[in-house]
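Visitor: For reference, this is my_file08.txt, and it has compact mmCIF, N, CA and C atoms.
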# COMPACT_ATOMS: atom_id res chain seq x y z
N MET A 1 -29.34 20.50 0.79
CA MET A 1 -28.33 20.10 1.76
C MET A 1 -27.15 19.48 1.03
N GLY A 2 -25.96 19.83 1.46
CA GLY A 2 -24.75 19.27 0.88
C GLY A 2 -24.23 18.14 1.74
N ALA A 3 -22.94 17.96 1.70
CA ALA A 3 -22.31 16.88 2.44
C ALA A 3 -22.31 17.20 3.93
N GLY A 4 -22.77 16.28 4.74
CA GLY A 4 -22.72 16.42 6.18
C GLY A 4 -23.60 17.53 6.74
N GLY A 5 -24.66 17.90 6.04
CA GLY A 5 -25.56 18.92 6.54
C GLY A 5 -25.12 20.34 6.22
N ILE A 6 -24.08 20.52 5.40
CA ILE A 6 -23.62 21.85 5.00
C ILE A 6 -24.24 22.18 3.65
N SER A 7 -24.84 23.34 3.57
CA SER A 7 -25.50 23.72 2.32
C SER A 7 -24.49 24.17 1.28
N ILE A 8 -24.94 24.24 0.03
CA ILE A 8 -24.07 24.66 -1.07
C ILE A 8 -23.60 26.09 -0.86
N GLY A 9 -24.47 26.95 -0.36
CA GLY A 9 -24.10 28.34 -0.10
C GLY A 9 -22.97 28.45 0.92
N SER A 10 -23.03 27.61 1.96
CA SER A 10 -21.97 27.61 2.98
C SER A 10 -20.65 27.15 2.38
N LEU A 11 -20.69 26.14 1.52
CA LEU A 11 -19.47 25.66 0.89
C LEU A 11 -18.85 26.73 -0.01
N VAL A 12 -19.68 27.46 -0.74
CA VAL A 12 -19.18 28.53 -1.60
C VAL A 12 -18.55 29.63 -0.76
N LEU A 13 -19.18 29.99 0.35
CA LEU A 13 -18.64 31.02 1.24
C LEU A 13 -17.29 30.59 1.81
N ILE A 14 -17.18 29.35 2.23
CA ILE A 14 -15.92 28.83 2.76
C ILE A 14 -14.85 28.87 1.68
N LEU A 15 -15.18 28.48 0.46
CA LEU A 15 -14.24 28.51 -0.65
C LEU A 15 -13.76 29.93 -0.92
N LEU A 16 -14.67 30.90 -0.90
CA LEU A 16 -14.28 32.30 -1.12
C LEU A 16 -13.34 32.80 -0.02
N ILE A 17 -13.62 32.46 1.21
CA ILE A 17 -12.75 32.87 2.32
C ILE A 17 -11.36 32.27 2.17
N VAL A 18 -11.29 30.99 1.79
CA VAL A 18 -9.99 30.34 1.60
C VAL A 18 -9.22 31.01 0.47
N ILE A 19 -9.91 31.36 -0.63
CA ILE A 19 -9.24 32.02 -1.76
C ILE A 19 -8.72 33.39 -1.34
N VAL A 20 -9.49 34.13 -0.57
CA VAL A 20 -9.06 35.45 -0.11
C VAL A 20 -7.85 35.33 0.82
N LEU A 21 -7.88 34.35 1.71
CA LEU A 21 -6.77 34.19 2.67
C LEU A 21 -5.47 33.74 2.00
N PHE A 22 -5.55 32.75 1.11
CA PHE A 22 -4.34 32.16 0.56
C PHE A 22 -4.01 32.65 -0.85
N GLY A 23 -4.98 33.07 -1.60
CA GLY A 23 -4.73 33.49 -2.98
C GLY A 23 -4.75 32.30 -3.91
N THR A 24 -5.07 32.57 -5.17
CA THR A 24 -5.20 31.47 -6.13
C THR A 24 -3.86 30.85 -6.48
N LYS A 25 -2.79 31.65 -6.51
CA LYS A 25 -1.47 31.11 -6.86
C LYS A 25 -0.99 30.10 -5.80
N LYS A 26 -1.15 30.47 -4.54
CA LYS A 26 -0.72 29.57 -3.47
C LYS A 26 -1.57 28.30 -3.44
N LEU A 27 -2.88 28.45 -3.68
CA LEU A 27 -3.75 27.27 -3.71
C LEU A 27 -3.38 26.35 -4.87
N ARG A 28 -3.00 26.94 -6.00
CA ARG A 28 -2.58 26.14 -7.15
C ARG A 28 -1.31 25.36 -6.81
N ASN A 29 -0.37 26.04 -6.13
CA ASN A 29 0.88 25.37 -5.74
C ASN A 29 0.61 24.24 -4.74
N ILE A 30 -0.27 24.50 -3.80
CA ILE A 30 -0.61 23.47 -2.82
C ILE A 30 -1.27 22.28 -3.52
N GLY A 31 -2.16 22.57 -4.46
CA GLY A 31 -2.83 21.49 -5.20
C GLY A 31 -1.86 20.65 -5.99
N SER A 32 -0.90 21.31 -6.65
CA SER A 32 0.08 20.54 -7.44
C SER A 32 1.01 19.75 -6.52
N ASP A 33 1.36 20.32 -5.36
CA ASP A 33 2.21 19.58 -4.40
C ASP A 33 1.50 18.35 -3.86
N VAL A 34 0.23 18.50 -3.51
CA VAL A 34 -0.56 17.36 -3.00
C VAL A 34 -0.72 16.31 -4.10
N GLY A 35 -1.00 16.77 -5.34
CA GLY A 35 -1.13 15.83 -6.45
C GLY A 35 0.16 15.08 -6.72
N GLY A 36 1.30 15.77 -6.66
CA GLY A 36 2.59 15.11 -6.85
C GLY A 36 2.89 14.11 -5.75
N ALA A 37 2.52 14.45 -4.52
CA ALA A 37 2.75 13.54 -3.40
C ALA A 37 1.92 12.27 -3.55
N ILE A 38 0.66 12.44 -3.96
CA ILE A 38 -0.20 11.27 -4.16
C ILE A 38 0.32 10.41 -5.30
N LYS A 39 0.78 11.05 -6.37
CA LYS A 39 1.30 10.30 -7.52
C LYS A 39 2.55 9.51 -7.14
N SER A 40 3.47 10.13 -6.39
CA SER A 40 4.68 9.41 -5.99
C SER A 40 4.37 8.30 -4.99
N PHE A 41 3.36 8.52 -4.13
CA PHE A 41 2.95 7.48 -3.19
C PHE A 41 2.41 6.26 -3.93
N LYS A 42 1.55 6.51 -4.93
CA LYS A 42 0.99 5.40 -5.71
C LYS A 42 2.10 4.66 -6.45
N LYS A 43 3.08 5.41 -6.99
CA LYS A 43 4.19 4.78 -7.71
C LYS A 43 5.01 3.90 -6.77
N ALA A 44 5.27 4.41 -5.57
CA ALA A 44 6.03 3.64 -4.59
C ALA A 44 5.27 2.38 -4.18
N MET A 45 3.95 2.49 -4.03
CA MET A 45 3.16 1.31 -3.68
C MET A 45 3.21 0.26 -4.79
N ASN A 46 3.09 0.70 -6.04
CA ASN A 46 3.14 -0.23 -7.17
C ASN A 46 4.52 -0.86 -7.30
N ASP A 47 5.57 -0.07 -7.07
CA ASP A 47 6.93 -0.61 -7.13
C ASP A 47 7.16 -1.63 -6.02
N GLY A 48 6.64 -1.35 -4.83
CA GLY A 48 6.78 -2.27 -3.71
C GLY A 48 6.05 -3.58 -3.96
N GLU A 49 4.85 -3.51 -4.54
CA GLU A 49 4.10 -4.72 -4.85
C GLU A 49 4.81 -5.54 -5.93
N ALA A 50 5.35 -4.84 -6.94
CA ALA A 50 6.05 -5.55 -8.01
C ALA A 50 7.32 -6.21 -7.46
N GLU A 51 8.01 -5.52 -6.56
CA GLU A 51 9.24 -6.09 -5.97
C GLU A 51 8.91 -7.29 -5.09
N ALA A 52 7.84 -7.20 -4.32
CA ALA A 52 7.44 -8.32 -3.47
C ALA A 52 7.02 -9.51 -4.33
N GLY A 53 6.32 -9.26 -5.41
CA GLY A 53 5.90 -10.34 -6.30
C GLY A 53 7.07 -11.02 -6.96
N SER A 54 8.08 -10.26 -7.36
CA SER A 54 9.24 -10.87 -8.02
C SER A 54 10.07 -11.68 -7.03
N SER A 55 10.16 -11.24 -5.76
CA SER A 55 10.92 -12.01 -4.79
C SER A 55 10.20 -13.31 -4.45
N GLU A 56 8.86 -13.31 -4.42
CA GLU A 56 8.11 -14.54 -4.19
C GLU A 56 8.30 -15.51 -5.34
N GLU A 57 8.33 -14.99 -6.57
CA GLU A 57 8.54 -15.84 -7.73
C GLU A 57 9.92 -16.48 -7.68
N LYS A 58 10.92 -15.73 -7.25
CA LYS A 58 12.28 -16.27 -7.15
C LYS A 58 12.33 -17.38 -6.12
N GLN A 59 11.62 -17.21 -4.99
CA GLN A 59 11.61 -18.23 -3.96
C GLN A 59 10.95 -19.50 -4.48
N VAL A 60 9.87 -19.37 -5.23
CA VAL A 60 9.17 -20.53 -5.78
C VAL A 60 10.07 -21.22 -6.80
N GLU A 61 10.72 -20.47 -7.66
CA GLU A 61 11.62 -21.06 -8.64
C GLU A 61 12.76 -21.80 -7.95
N HIS A 62 13.27 -21.24 -6.87
CA HIS A 62 14.36 -21.86 -6.14
C HIS A 62 13.90 -23.17 -5.50
N ARG A 63 12.69 -23.21 -4.99
CA ARG A 63 12.16 -24.41 -4.34
C ARG A 63 11.86 -25.52 -5.35
N GLN A 64 11.53 -25.17 -6.57
CA GLN A 64 11.18 -26.18 -7.55
C GLN A 64 12.36 -27.07 -7.88
N GLY A 65 13.57 -26.58 -7.76
CA GLY A 65 14.75 -27.36 -8.09
C GLY A 65 15.28 -28.18 -6.93
N GLN A 66 14.68 -28.09 -5.76
CA GLN A 66 15.18 -28.79 -4.58
C GLN A 66 14.50 -30.13 -4.40
N THR A 67 15.26 -31.09 -3.90
CA THR A 67 14.71 -32.39 -3.55
C THR A 67 14.78 -32.52 -2.03
N VAL A 68 13.69 -32.91 -1.43
CA VAL A 68 13.63 -33.04 0.01
C VAL A 68 13.59 -34.52 0.35
N ASP A 69 14.52 -34.96 1.19
CA ASP A 69 14.56 -36.34 1.63
C ASP A 69 14.20 -36.33 3.12
N ALA A 70 13.05 -36.88 3.46
CA ALA A 70 12.59 -36.83 4.83
C ALA A 70 11.79 -38.08 5.16
N GLU A 71 11.64 -38.31 6.44
CA GLU A 71 10.86 -39.44 6.91
C GLU A 71 9.78 -38.92 7.83
N VAL A 72 8.57 -39.39 7.64
CA VAL A 72 7.45 -38.94 8.48
C VAL A 72 7.30 -39.93 9.61
N VAL A 73 7.31 -39.43 10.82
CA VAL A 73 7.17 -40.26 12.01
C VAL A 73 6.04 -39.67 12.84
N HIS A 74 5.11 -40.54 13.25
CA HIS A 74 4.02 -40.08 14.10
C HIS A 74 4.56 -39.75 15.47
N LYS A 75 3.93 -38.82 16.14
CA LYS A 75 4.40 -38.40 17.46
C LYS A 75 4.34 -39.55 18.46
N GLU A 76 3.30 -40.37 18.38
CA GLU A 76 3.16 -41.46 19.33
C GLU A 76 4.27 -42.49 19.16
N GLN A 77 4.63 -42.81 17.93
CA GLN A 77 5.70 -43.75 17.67
C GLN A 77 7.03 -43.18 18.13
N HIS A 78 7.21 -41.91 17.94
CA HIS A 78 8.48 -41.27 18.31
C HIS A 78 8.65 -41.26 19.82
N LYS A 79 7.57 -41.11 20.60
CA LYS A 79 7.64 -41.11 22.05
C LYS A 79 8.02 -42.50 22.57
N ASN A 80 7.57 -43.57 21.91
CA ASN A 80 7.83 -44.92 22.36
C ASN A 80 9.26 -45.36 22.08
N ASP A 81 9.92 -44.73 21.11
CA ASP A 81 11.29 -45.16 20.74
C ASP A 81 12.29 -44.74 21.73
For this file, produce the structure as structure tokens.
Guide:
Amino acid sequence: MGAGGISIGSLVLILLIVIVLFGTKKLRNIGSDVGGAIKSFKKAMNDGEAEAGSSEEKQVEHRQGQTVDAEVVHKEQHKND
């Protein structure tokens, strides 16, 4: 038994039918197109993560140079004033 209850013989038969219908050249082109799409998708994901990481680092660097002057007031005290 193969994947999902399909035997190896059935998979080979399906592969042969697909090759007859589309031809090896077209299947090769489809395979390279799908591979290129996956590769560019992965590259875009890595670029997006790197860009997000660099913008977070810039925000942290910007915050490190700031001084915050504030006063903490409890809510109960603020209501009484």
Visitor: How far is it from atom C of Leu13 (chain A) to atom N of Gly36 (chain A), in Å with one decimal?
Guide: 25.2 Å
Visitor: Take atom N of Leu11 (chain A) and atom N of Asn29 (chain A) and report the distance between them in Å, one decimal.
Guide: 21.7 Å
Visitor: Output, as JSON, the centre and edge lengths in Å (one decimal) of the axis-aligned box that contains all listed atoms of region 34-49 of chain A with 3 Å of margin on each side.
Guide:
{"center_x": 3.0, "center_y": 6.5, "center_z": -5.4, "size_x": 14.3, "size_y": 30.0, "size_z": 10.7}
Visitor: In Å to one decimal, how far is CA of Lys42 (chain A) from atom N of Lys25 (chain A)?
Guide: 26.5 Å
